[in-house]
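To start, the structure under review is shown below, and the notes come after it.
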Amino acid sequence: MSEPLMATYKRLPVTFARGEGVWLWDDNGTRYLDALAGIAVCGLGHAHPAVRDALCEQAGLLVHTSNVYRIAEQERLGALLTALAGMDRVFFGNSGAEANEAAIKLARLYAHQRGIENPTILVMENSFHGRTLATLSATGNRKVQAGFEPLVQGFVRVPYNDIGAIETAAANRKNIVAILVEPIQGEGGVNIPGDDYLPALRRICDREGWLLILDEIQTGIGRTGRWFGFQHTDIVPDVITLAKALGNGVPIGACVARGAAAEVFGPGTHGSTFGGNPLACRAARAVLETITAQHLVAHAATQGTALLDAFRESLAGTAGVVAIRGRGLMLGIELDRPCADLVAQALAAGLLINVTAERVIRLLPPLIIDQDQADQLVEGLSALIHRFLTAP
């Protein structure tokens, strides 16, 4: 049945038929605990009634018009997002890659408006920003770039969590206009920088007149125990990009800006046919309102800490476990060897996880996960890890 599809994914041998909360059922009726949430997408879990009702209601009223007209749901969602983030304006697209493309274009236009020729954006090693040509070029992973050369110019890569490297670049390159960075690297292995990293980047950007652009596509919308990852510090970036959990599975992306960055785009400088249509915006508004009403940001913080502590206790002293790290409900368990085989083993045991950076088990459960479900996750996954590490 997969022959009509391009072979862009190495799919696991399961087809899901329905979901409810943190659970998914396949077409044979087998139940799975979803500790991946569609890769940080379904923060409210599956088939959440608030999202379902919003989609059904909006589909019965209006799905799409065009951005040449005002869209009330887009304006309502924009007001909510900018208030939560402390920003001024937002552009809506359909994905995280589109949100990052918008941010890259914004930075380049910002530079040209200030007379900077050939603007350069600082990006990080082991980063991931998308699979379009520009976002692929910004990504710090040679594996996903291979075969797509020539890459887009205008990016300089430095090590993550290394302020000295940023200072060296600032001293030697006069056409830098922005830093594009993830508050926590997701695809790179759930890498959490030092507490002063983002504040230091903010200070450098203020001093140099650069834009600070934060890719919050994976860390945003409550995932880390704050609405946005940058809110674990006292800084505010110039631009943030969002997608994934914003629509709980309905495709939507956002590029949110403040101050001078919010005034860069004008009519005709950027656009999207489907971006910010009434259906997607109504779904996203339901997501934000539900997370707020159910206090799920605080829940992600407390449940994430409990999960982290439980895994550290369960795996304490286990040879082969290098590190267990996380923030909120974004956790990584790093092993001393490649462990991609654990994904299929977990599937067979009724758990959905994934492995990134070859050796890091990444967990991104829905924000609604409760203690019983968290206990099942810790018990089941810890047993799999012990078995994997002791296998001959």
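Each chain in the structure tokens gets a letter, A, B, ..., in the order shown, and its residues are numbered from 1; ligands are numbered from 1 in order too.
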Among region 20-81 of chain A, which residues carry a DSSP assignment of alpha helix (DSSP H), reported as a list in words?
Ala37, Gly38, Ile39, Ala40, Pro49, Ala50, Val51, Arg52, Asp53, Ala54, Leu55, Cys56, Glu57, Gln58, Ala59, Ala72, Glu73, Gln74, Glu75, Arg76, Leu77, Gly78, Ala79, Leu80 and Leu81 of chain A
Could you pull out the residues in region 34-184 of chain A that DSSP calls strand (DSSP E) from the backbone, as a list in words?
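After running DSSP on the backbone, region 34-184 of chain A has strand (DSSP E) at Asp34, Arg89, Val90, Phe91, Phe92, Gly93, Thr120, Ile121, Leu122, Val123, Met124, Phe155, Val156, Arg157, Val158, Ile176, Val177, Ala178, Ile179, Leu180 and Val181 of chain A.
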Would you list the contacts of region 314-320 of chain A as a list in words, taking every protein, DNA or RNA residue within 9 Å and counting only C-alpha atoms, but skipping same-chain residues closer than 4 positions in sequence?
Asp309, Ala310, Ile324, Glu334, Leu335, Asp336, Arg337, Val378, Glu379, Ser382, Ile385, His386, Leu389 and Thr390 of chain A
Write the selection just made, keeping N, CA and C atoms, as a short mmCIF file (atom, residue, chain, number, x, y, z; two decimals), in the first residue's frame?
```
data_model
loop_
_atom_site.label_atom_id
_atom_site.label_comp_id
_atom_site.auth_asym_id
_atom_site.auth_seq_id
_atom_site.Cartn_x
_atom_site.Cartn_y
_atom_site.Cartn_z
N ASP A 309 13.42 12.90 37.62
CA ASP A 309 13.87 12.28 38.87
C ASP A 309 13.63 10.77 38.85
N ALA A 310 12.48 10.36 38.31
CA ALA A 310 12.15 8.93 38.29
C ALA A 310 13.09 8.15 37.38
N ILE A 324 21.11 11.78 31.75
CA ILE A 324 19.65 11.92 31.69
C ILE A 324 19.37 13.39 31.92
N GLU A 334 20.76 9.77 27.23
CA GLU A 334 21.89 9.51 26.35
C GLU A 334 22.60 8.23 26.76
N LEU A 335 22.81 7.35 25.78
CA LEU A 335 23.54 6.10 26.02
C LEU A 335 24.93 6.19 25.41
N ASP A 336 25.74 5.22 25.71
CA ASP A 336 27.12 5.24 25.22
C ASP A 336 27.28 4.54 23.88
N ARG A 337 26.18 4.22 23.23
CA ARG A 337 26.22 3.52 21.95
C ARG A 337 24.99 3.88 21.13
N VAL A 378 8.10 5.27 32.70
CA VAL A 378 9.40 5.05 33.36
C VAL A 378 9.67 3.56 33.52
N GLU A 379 8.68 2.82 34.00
CA GLU A 379 8.86 1.39 34.22
C GLU A 379 9.14 0.66 32.92
N SER A 382 12.55 1.99 31.15
CA SER A 382 13.73 1.60 31.92
C SER A 382 14.05 0.12 31.73
N ILE A 385 15.67 -0.30 28.33
CA ILE A 385 17.05 0.20 28.32
C ILE A 385 17.98 -0.77 29.03
N HIS A 386 17.57 -1.29 30.17
CA HIS A 386 18.39 -2.29 30.88
C HIS A 386 18.64 -3.51 29.98
N LEU A 389 21.05 -2.62 27.05
CA LEU A 389 22.45 -2.41 27.43
C LEU A 389 23.14 -3.68 27.92
N THR A 390 22.38 -4.67 28.32
CA THR A 390 23.00 -5.91 28.80
C THR A 390 22.93 -7.04 27.79
#
```
Hey, what's within 8 Å of Asn161 (chain A) if we count only C-alpha atoms and toss same-chain stuff fewer than 4 positions away? As a ChimeraX atom specification, please?
/A:193-194,197
Excluding same-chain residues fewer than 6 positions from region 32-45 of chain A, what lies within 9 Å of it counting only C-alpha atoms, as a VMD selection string?
chain A and resid 19 to 26 51 217 to 219 221 to 223 243 to 249 287 290 to 291 296 330 347 349 to 354 362 to 369 373 376 to 377
Thr120 (chain A) surroundings by only C-alpha atoms, 7 Å radius, close-in-sequence under 5 positions cut, as number ranges by chain:
A: 154-156, 175-177
Write the residues of the preceding selection, restricted to all heavy atoms, as a short mmCIF file (atom, residue, chain, number, x, y, z; two decimals), in the first residue's frame.
```
data_model
loop_
_atom_site.label_atom_id
_atom_site.label_comp_id
_atom_site.auth_asym_id
_atom_site.auth_seq_id
_atom_site.Cartn_x
_atom_site.Cartn_y
_atom_site.Cartn_z
N GLY A 154 25.20 32.64 3.29
CA GLY A 154 24.76 33.64 4.25
C GLY A 154 24.63 33.14 5.67
O GLY A 154 24.01 33.80 6.51
N PHE A 155 25.23 31.95 5.95
CA PHE A 155 25.20 31.40 7.30
C PHE A 155 26.63 31.09 7.74
O PHE A 155 27.43 30.57 6.96
CB PHE A 155 24.37 30.12 7.36
CG PHE A 155 22.93 30.33 6.96
CD1 PHE A 155 22.50 29.97 5.69
CD2 PHE A 155 22.02 30.88 7.83
CE1 PHE A 155 21.19 30.15 5.29
CE2 PHE A 155 20.69 31.08 7.46
CZ PHE A 155 20.28 30.71 6.18
N VAL A 156 26.94 31.39 8.99
CA VAL A 156 28.21 31.03 9.60
C VAL A 156 27.91 30.19 10.83
O VAL A 156 27.12 30.60 11.69
CB VAL A 156 29.04 32.28 9.99
CG1 VAL A 156 30.24 31.87 10.83
CG2 VAL A 156 29.49 33.02 8.75
N ASN A 175 29.53 41.71 8.76
CA ASN A 175 28.24 41.66 8.07
C ASN A 175 27.24 40.72 8.76
O ASN A 175 26.22 40.35 8.20
CB ASN A 175 28.42 41.23 6.62
CG ASN A 175 29.05 39.85 6.49
OD1 ASN A 175 29.66 39.34 7.42
ND2 ASN A 175 28.89 39.24 5.32
N ILE A 176 27.53 40.34 10.02
CA ILE A 176 26.57 39.54 10.78
C ILE A 176 25.38 40.42 11.15
O ILE A 176 25.55 41.57 11.57
CB ILE A 176 27.22 38.96 12.04
CG1 ILE A 176 28.33 37.99 11.66
CG2 ILE A 176 26.18 38.26 12.93
CD1 ILE A 176 29.17 37.52 12.84
N VAL A 177 24.18 39.87 10.99
CA VAL A 177 22.97 40.65 11.29
C VAL A 177 22.09 39.99 12.35
O VAL A 177 21.22 40.64 12.92
CB VAL A 177 22.12 40.88 10.01
CG1 VAL A 177 22.92 41.70 9.01
CG2 VAL A 177 21.66 39.57 9.39
#
```
Could you please determine the separation between CA of Val190 (chain A) and CA of Val256 (chain A) in Å, to one decimal place?
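So the answer is 23.5 Å.
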Give me, as a list of chain:residue names, all polymer residues having an atom no more than 10 Å from Val355 (chain A), counting only C-alpha atoms and skipping those fewer than 2 positions away in the same chain.
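Once the adjacent positions are removed, what remains is A:Glu187, A:Gly189, A:Gly332, A:Ile333, A:Glu334, A:Pro338, A:Cys339, A:Ala340, A:Asp341, A:Leu342, A:Val343, A:Ile353, A:Ala357, A:Glu358, A:Arg359, A:Val360, A:Ile361, A:Arg362, A:Leu363.
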Take the selection from the previous step and output its residues with N, CA, C and O atoms, as a short mmCIF file (atom, residue, chain, number, x, y, z; two decimals), in the first residue's frame.
```cif
data_model
loop_
_atom_site.label_atom_id
_atom_site.label_comp_id
_atom_site.auth_asym_id
_atom_site.auth_seq_id
_atom_site.Cartn_x
_atom_site.Cartn_y
_atom_site.Cartn_z
N GLU A 187 16.54 18.01 17.93
CA GLU A 187 17.10 17.00 17.04
C GLU A 187 18.57 16.75 17.34
O GLU A 187 19.09 15.67 17.09
N GLY A 189 19.91 16.32 20.13
CA GLY A 189 20.14 15.44 21.27
C GLY A 189 19.65 15.96 22.61
O GLY A 189 20.16 15.56 23.66
N GLY A 332 15.83 13.78 27.46
CA GLY A 332 16.75 12.96 26.68
C GLY A 332 17.52 12.02 27.58
O GLY A 332 17.99 12.42 28.65
N ILE A 333 17.62 10.76 27.17
CA ILE A 333 18.43 9.77 27.88
C ILE A 333 19.54 9.35 26.93
O ILE A 333 19.29 8.69 25.91
N GLU A 334 20.76 9.77 27.23
CA GLU A 334 21.89 9.51 26.35
C GLU A 334 22.60 8.23 26.76
O GLU A 334 22.96 8.05 27.92
N PRO A 338 25.04 3.70 19.81
CA PRO A 338 23.85 3.92 18.99
C PRO A 338 22.70 3.05 19.48
O PRO A 338 22.90 1.88 19.83
N CYS A 339 21.50 3.61 19.51
CA CYS A 339 20.38 2.87 20.11
C CYS A 339 19.09 2.99 19.31
O CYS A 339 18.00 2.90 19.87
N ALA A 340 19.21 3.18 18.00
CA ALA A 340 18.01 3.30 17.17
C ALA A 340 17.13 2.06 17.25
O ALA A 340 15.90 2.15 17.07
N ASP A 341 17.73 0.88 17.53
CA ASP A 341 16.94 -0.34 17.63
C ASP A 341 15.90 -0.28 18.76
O ASP A 341 14.91 -1.02 18.74
N LEU A 342 16.12 0.62 19.73
CA LEU A 342 15.16 0.73 20.83
C LEU A 342 13.79 1.23 20.38
O LEU A 342 12.79 0.96 21.05
N VAL A 343 13.75 1.94 19.27
CA VAL A 343 12.47 2.47 18.80
C VAL A 343 11.51 1.32 18.46
O VAL A 343 10.35 1.31 18.90
N ILE A 353 8.48 6.10 21.23
CA ILE A 353 9.60 6.99 21.55
C ILE A 353 10.35 7.25 20.25
O ILE A 353 9.98 6.72 19.20
N ALA A 357 20.20 12.05 17.30
CA ALA A 357 21.66 12.14 17.46
C ALA A 357 22.27 10.76 17.73
O ALA A 357 23.27 10.65 18.43
N GLU A 358 21.62 9.74 17.20
CA GLU A 358 22.08 8.34 17.23
C GLU A 358 22.04 7.68 18.60
O GLU A 358 21.75 6.50 18.71
N ARG A 359 22.30 8.43 19.66
CA ARG A 359 22.46 7.81 20.98
C ARG A 359 21.55 8.38 22.05
O ARG A 359 21.69 8.04 23.23
N VAL A 360 20.63 9.26 21.68
CA VAL A 360 19.79 9.92 22.67
C VAL A 360 18.33 9.51 22.48
O VAL A 360 17.73 9.76 21.42
N ILE A 361 17.77 8.87 23.50
CA ILE A 361 16.34 8.56 23.51
C ILE A 361 15.61 9.84 23.86
O ILE A 361 15.81 10.41 24.93
N ARG A 362 14.77 10.31 22.94
CA ARG A 362 14.07 11.58 23.15
C ARG A 362 12.62 11.30 23.53
O ARG A 362 11.92 10.55 22.85
N LEU A 363 12.18 11.94 24.61
CA LEU A 363 10.82 11.80 25.11
C LEU A 363 10.13 13.15 25.07
O LEU A 363 10.64 14.13 25.63
#
```
How far is it from CA of Val123 (chain A) to CA of Tyr160 (chain A), in Å with one decimal?
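Spanning CA of Val123 (chain A) to CA of Tyr160 (chain A) is a straight-line distance of 8.5 Å.
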Which is closer to Pro278 (chain A) than all the others in A:Leu381, A:Leu77, A:Ala7, A:Val239, using only C-alpha atoms?
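Among A:Leu381, A:Leu77, A:Ala7, A:Val239, it is A:Leu77 that comes nearest to Pro278 (chain A).
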